[in-house]
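Okay, structure first, notes after.
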Amino acid sequence: MFGKSTIYRLTAKAPVQRKTVAIVGLIACGLGGALYYNLVPASQNMAAALPEQRPLVEQKPLLNSRGFTLTGNTFSAPPKTTAYPLEIIRLGDHALLGGNSLGAYQHYQEVAEEQADAHEGSLDIRLGLAAELAGRLDQAEFHYRTAISSPEGKARDQCWGLLGTARIWEAQSRYEEAIGLLSELLLMFSSELYPRELRMQVMRQLASCEQRLCLQQQDSSSDLPDSPLYYHWPLNSLETMLGDELTFPPSPLPGDQGLVVEVVQKPANDLRSILVTVHASAAPVIALLDQLAKLGEHNIVFDPEVRMRLAGRTVQVQVTALPISILVDRILAPQSMLWTSSDNTLRIQHSSEMTDEKLQATTLSRLQRLLQLFEVDSPTGPERTAALMHLGNNLLLLGDLDSAEDRYASAREQQPTGELNAMLCFNSALLMHRRGQRATALNLYYMALDQTLLLPMQALAYQNIAELELELGRLNSAAEAASRALHLSENRGSRSRIALNLAQAQLLLGEPAAANQTLFEHSHAFSSEAERRLASAVAAYARFQAAKPRHGLQDSGQRLVTALACIEPQSFQGSVIDHLILAQAFEKVGFRSHAIALLTAAMSQSQERFLLQHINLELARLHLRNGNWRETLDVLESVETQADIYLTREKLLLKAQTYRMAGQVAFSEEICQQLLQEALPDEDKAEVLRLLAGLYQDAGSHYAAALCYAGMLPQPQLEDPELEAVENYGVASP
């Protein structure tokens, strides 16, 4: 346009200078052509360098998945005769296998545009895989549906398209639809005529969807809300889906002329143990269920609503040696129906007619039966390990700890590696933690840390390690683990608990300023009102200790009293460490009755020996300061010192103080003399001498008391009347 307008103006103003006009016109045309020739490829190269700015495909309306069924002979279409030259798309395959899904999609799209008249379903599958891995789920589902509905597509491509569609639905949390589709595929590919890898892939996807549905149905009040269990299935092989190794049987398949049911094994009238072989291209669902119930010697009962929904429905089945229970599960799943059995009666119900509790239990039972099928089909390998781990997870959620431990042990016998082993160790650690076997749980948590690269698992492992180390009294290890968990965790709810554990460890280590700083830096993580109250009380107690208050109620003490006023000891819900810290805080400001109530509640919760003994000692101190010497002696009798030197010293010192309060001076003096014969730290030795000085002073031996106050132990001399009086002084024990 620029060149033509210039020529036009020159010609209008100076028509006599034709030679000049021609020269200028040639130059302008040359410049325009050069610009066009050079600029267009440059823009194309720029667009190629930025694949994320290019739409994958034009968005088209997707078909509704409702009513999507595979009944009929879906895979009997003849294969396409024209061979598609796969060599020209190997570059896209290499990019896809290398992780460049956007580049692979761009290459496949260019090949599809160039070979619009010749490309077959395998290219649609590749486009769907690339879009799925790139996170473009809508485009991926469009390509998969294109491969499925292709009238000349191969059976293999249609199968990959159906499996890809199920993966998209699972990613979109449409679990019931994915389960229905995968159930139909399992019924079709459970025959020996089909490759085992195909059947295992269908079972893996189906088990994954079933597990997600069960977890979605669970109530929010789970036994392990802050420590989720991990589930893992081996990844599907891209090389298998991109290659031509899997071969499908020729059509027609056996049993196309009618319904064929054969009993393979019938050891008992149990639907889980009776194996049958079924071949049918379009079997009526009601007739097939009735025949299967008769084989298991069960009476079948259809609710009126169920019979109406199943009227006219057919199913395609190619099954070899499958339990009747699983066969019935998969026949009913596409119709959102479940079955229960009692007194040799098989009852079919729709999921909408069940209560929430019954629906959860029935869905979980269906999943457990599917997982047990892996033990038959996979005697070894990662599938069997994953299935055993998932069985253990579900049993743990149900509260059957013994059976869960057996499943975990069987899974460890398979000697898994990598992330699967890390998840197995983590789940086993949760079980041991719940059973109170803290040393074993710690060992398993550390094993999971050494093998996983998943940051969320590392954060959870460090969080649980911090809690265990805190309960075991290893405060330095607890503080280190909590600090690492804070750096790794991205969950706001978990960060609040981790920050509180770190602050508590720092408090018990004698670092109140660091504890207050930790709670201040992570104050935004405390979302609930109960968490904020607890954190405020702990922070106020930390500031109270850091200020080292003297006589009288100062500012830090006033703030501590205000913070503790929001805590109700009788209804407080928290960990054992929470109870212990709050009890110490209440005792510091004089609320000993509240402190005793908190420690008494903590004793009923604690299962760890270290914590229990220290709680008992703290409770004994409170009773002693309250003047309740009988309660003090009763609590001290429950303290098992064994080989713990610290516990032994604390128990003996408290006993000596209690006997002095009770008037049993001889017993108190004997304990003090026993303590002074040991190599005590300076602080403990000074405290024992002060107690002994009080005993001498009460007995009137002022010289001996002065020596004890001075830090020296007087030598007994019988000729001294004062010492002789001390020797003869005492109260007989009852």
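The way I read the labels, and the way they are meant: chains A, B, ... in the order of the structure tokens, residue 1 as the first residue of every chain, and ligand 1 as the first ligand shown, with later ones counted on from there.
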(message) I want to know what sits within 7 Å of range 435-449 of chain A, based on only C-alpha atoms, with residues of the same chain fewer than 3 positions away left out; could you give that as a ChimeraX atom specification?
(response) /A:422-423,425-426,429-432,452,458,461,465,468,607
(request) Please return as a PyMOL selection string: the residues of range 645-683 of chain A that backbone DSSP assigns to alpha helix (DSSP H). (result) chain A and resi 645-662+665-676+682-683
Wanna dump the range 379-455 of chain A-range 233-240 of chain A contacts at 9 Å for me, each residue with its shortest atom pair and the distance in Å to one decimal, counting only C-alpha atoms, ordered by chain and number, as CSV?
```
residue,atom,partner,partner_atom,distance
A:Pro382,CA,A:Pro234,CA,6.8
A:Glu383,CA,A:Trp233,CA,6.9
A:Ala386,CA,A:Trp233,CA,6.1
A:Ala387,CA,A:Trp233,CA,8.3
A:Leu420,CA,A:Trp233,CA,8.2
```
Please list as a PDB file with N, CA and C atoms, in the first residue's frame every residue within 7 Å of Arg330 in chain A, counting only C-alpha atoms and excluding residues in the same chain fewer than 4 positions away.
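Saved the output as part.pdb:
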```pdb
ATOM      1  N   SER A 183     -15.231 -48.973  35.225  1.00  0.00           N
ATOM      2  CA  SER A 183     -15.859 -50.262  35.529  1.00  0.00           C
ATOM      3  C   SER A 183     -16.249 -50.984  34.254  1.00  0.00           C
ATOM      4  N   GLU A 184     -16.794 -50.266  33.280  1.00  0.00           N
ATOM      5  CA  GLU A 184     -17.134 -50.892  32.001  1.00  0.00           C
ATOM      6  C   GLU A 184     -15.884 -51.384  31.277  1.00  0.00           C
ATOM      7  N   ILE A 326     -16.795 -58.832  42.733  1.00  0.00           N
ATOM      8  CA  ILE A 326     -16.219 -57.731  41.954  1.00  0.00           C
ATOM      9  C   ILE A 326     -16.989 -57.550  40.656  1.00  0.00           C
TER      10      ILE A 326
END
```
(message) Give me the residues near Ala693 in chain A as a ChimeraX atom specification, where near means some atom within 10 Å (using only C-alpha atoms) and where sequence neighbours in that chain fewer than 5 positions away do not count.
(response) /A:669,687-688,698-699,701-711,713
(message) I'd like the neighbourhood of Leu367 in chain A as a list of chain:residue names, where a residue qualifies if any of its atoms comes within 12 Å (using only C-alpha atoms), though same-chain residues fewer than 6 positions away should be ignored.
(response) A:Ile179, A:Met203, A:Arg204, A:Leu206, A:Ala207, A:Ser208, A:Cys209, A:Glu210, A:Gln211, A:Arg212, A:Leu213, A:Cys214, A:Leu215, A:Ser325, A:Ile326, A:Asp329, A:Arg330, A:Ala333, A:Leu338, A:Gln360, A:Ala361, A:Leu373, A:Phe374, A:Ala387, A:His390, A:Leu391, A:Asn393, A:Asn394, A:Leu395
(request) Find the residue from A:Leu259, A:Ala505, A:Leu96, A:Leu695 that sits nearest to Ala481 in chain A; use only C-alpha atoms when measuring. (result)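 That would be A:Ala505, the residue with the smallest distance to Ala481 in chain A.
Atom pair CA of Asp270 in chain A / CA of Pro323 in chain A has a distance of 9.5 Å (rounded to one decimal).
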(request) Would you work out the distance separating CA of Met457 in chain A from CA of Gly399 in chain A, expressed in Å to one decimal? (result) 22.8 Å
(request) Do a neighbour search on range 341-346 of chain A at 8 Å with only C-alpha atoms, toss out local chain neighbours closer than 2 positions, and write the hits as a list in words. (result)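 The residues satisfying every condition are Ala293, Glu297, His298, Asn299, Ile300, Val301, Trp339 and Ile348 of chain A.
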(message) With distances taken over only C-alpha atoms, which residue among A:Gly180, A:Pro228, A:Gly128, A:Pro334 lies nearest Met241 in chain A?
(response)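 Smallest distance to Met241 in chain A is found for A:Gly128.
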(request) Run DSSP on the backbone and give me the residues of range 283-364 of chain A it puts in strand (DSSP E or B), as a PyMOL selection string. (result) chain A and resi 283-284+299-302+314-323+337-342+345-350
(request) Skip Ala585 in chain A itself and residues of its chain fewer than 4 positions away, then list as a ChimeraX atom specification all residues within 7 Å of it, counting only C-alpha atoms. (result) /A:541,581,589
(message) To one decimal place in Å, what is the distance between CA of Leu123 in chain A and CA of Glu87 in chain A?
(response)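 Calculated distance between CA of Leu123 in chain A and CA of Glu87 in chain A is 12.0 Å.
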